[in-house]
Amino acid sequence: MIRTVNILISGRVQGVYFRRFTKNKAQDLGITGTVRNLADGRVEIIAQAKVDALEPFIQWCHKGPITARVDHVEITKLSANSDQFEEFKII
């Protein structure tokens, strides 16, 4: 079953290549979606994949790359009718 989630990550997550590491991890796990910096200093991820691929990705998001410090992760399940993504992009 395909699931789409919105992940908001706060901490030291901008200016530390968080988006690039996120894209690489998502591609390794076969996840599609987007990652972007928000004006308030957080990173927002829209991730879409089978549940068994999303679980390790979400676990990774709680740690992030070695260059980052993750303080808080907020996950929201999105509607089953969410947009379908063909790849994972940094926006």
# chains A, B, ... in the order shown; residues from 1 in each chain; ligands from 1

$ residues_around --residues "region 9-21 of chain A" --least-positions-apart "2" --cutoff "10 Å" --atoms "only C-alpha atoms" --output "PyMOL selection string"
chain A and resi 6-7+23-27+34-38+40-45+61-62+64-75+89-91

$ write_last_selection --atoms "C-alpha atoms" --output "PDB file, in the first residue's frame"
ATOM      1  CA  ASN A   6       4.398  15.220   5.363  1.00  0.00           C
ATOM      2  CA  ILE A   7       7.468  15.419   7.594  1.00  0.00           C
ATOM      3  CA  LYS A  23      17.288  13.072  -1.453  1.00  0.00           C
ATOM      4  CA  ASN A  24      20.037  10.436  -1.504  1.00  0.00           C
ATOM      5  CA  LYS A  25      18.406   8.435   1.314  1.00  0.00           C
ATOM      6  CA  ALA A  26      14.986   8.649  -0.348  1.00  0.00           C
ATOM      7  CA  GLN A  27      16.381   7.456  -3.670  1.00  0.00           C
ATOM      8  CA  THR A  34      10.062  16.529  -2.363  1.00  0.00           C
ATOM      9  CA  VAL A  35      12.228  18.213   0.240  1.00  0.00           C
ATOM     10  CA  ARG A  36      12.521  21.954   0.803  1.00  0.00           C
ATOM     11  CA  ASN A  37      13.709  24.539   3.300  1.00  0.00           C
ATOM     12  CA  LEU A  38      11.046  26.608   5.029  1.00  0.00           C
ATOM     13  CA  ASP A  40      11.120  29.434   9.657  1.00  0.00           C
ATOM     14  CA  GLY A  41      14.284  27.276   9.580  1.00  0.00           C
ATOM     15  CA  ARG A  42      12.608  23.884   9.332  1.00  0.00           C
ATOM     16  CA  VAL A  43      12.826  21.372   6.500  1.00  0.00           C
ATOM     17  CA  GLU A  44       9.642  19.990   4.952  1.00  0.00           C
ATOM     18  CA  ILE A  45       9.541  16.596   3.277  1.00  0.00           C
ATOM     19  CA  CYS A  61      14.737  11.613   9.552  1.00  0.00           C
ATOM     20  CA  HIS A  62      14.841  11.490  13.361  1.00  0.00           C
ATOM     21  CA  GLY A  64      19.447  13.085   9.880  1.00  0.00           C
ATOM     22  CA  PRO A  65      22.950  13.325   8.464  1.00  0.00           C
ATOM     23  CA  ILE A  66      25.971  13.724  10.720  1.00  0.00           C
ATOM     24  CA  THR A  67      26.149  17.413   9.774  1.00  0.00           C
ATOM     25  CA  ALA A  68      22.695  18.142  11.234  1.00  0.00           C
ATOM     26  CA  ARG A  69      21.061  18.251  14.651  1.00  0.00           C
ATOM     27  CA  VAL A  70      17.438  17.128  14.640  1.00  0.00           C
ATOM     28  CA  ASP A  71      15.439  18.505  17.565  1.00  0.00           C
ATOM     29  CA  HIS A  72      11.876  17.644  16.551  1.00  0.00           C
ATOM     30  CA  VAL A  73      10.090  15.649  13.838  1.00  0.00           C
ATOM     31  CA  GLU A  74       6.385  16.079  13.096  1.00  0.00           C
ATOM     32  CA  ILE A  75       4.727  13.540  10.793  1.00  0.00           C
ATOM     33  CA  LYS A  89      13.284  16.328  -5.873  1.00  0.00           C
ATOM     34  CA  ILE A  90      14.878  19.146  -3.925  1.00  0.00           C
ATOM     35  CA  ILE A  91      12.702  22.242  -4.336  1.00  0.00           C
TER      36      ILE A  91
END

$ select_by_dssp --residues "chain A" --states "strand (DSSP E or B)" --output "PyMOL selection string"
chain A and resi 2-12+32-37+43-50+69-77+88-90

$ select_by_dssp --residues "chain A" --states "helix (DSSP H, G or I)" --output "PyMOL selection string"
chain A and resi 18-29+51-63

$ closest_residue --among "A:Phe88, A:Thr76, A:Pro56, A:Asp83" --to "Leu8 (chain A)" --atoms "only C-alpha atoms"
A:Thr76

$ atom_distance --atom1 "CA of Leu54 (chain A)" --atom2 "CA of Ala39 (chain A)"
25.7 Å

$ closest_residue --among "A:Thr4, A:Thr22, A:Glu87, A:Ser79" --to "Gln59 (chain A)" --atoms "only C-alpha atoms"
A:Thr22

$ atom_distance --atom1 "CA of Leu78 (chain A)" --atom2 "CA of Lys63 (chain A)"
22.5 Å

$ atom_distance --atom1 "CA of Phe57 (chain A)" --atom2 "CA of Leu29 (chain A)"
7.4 Å
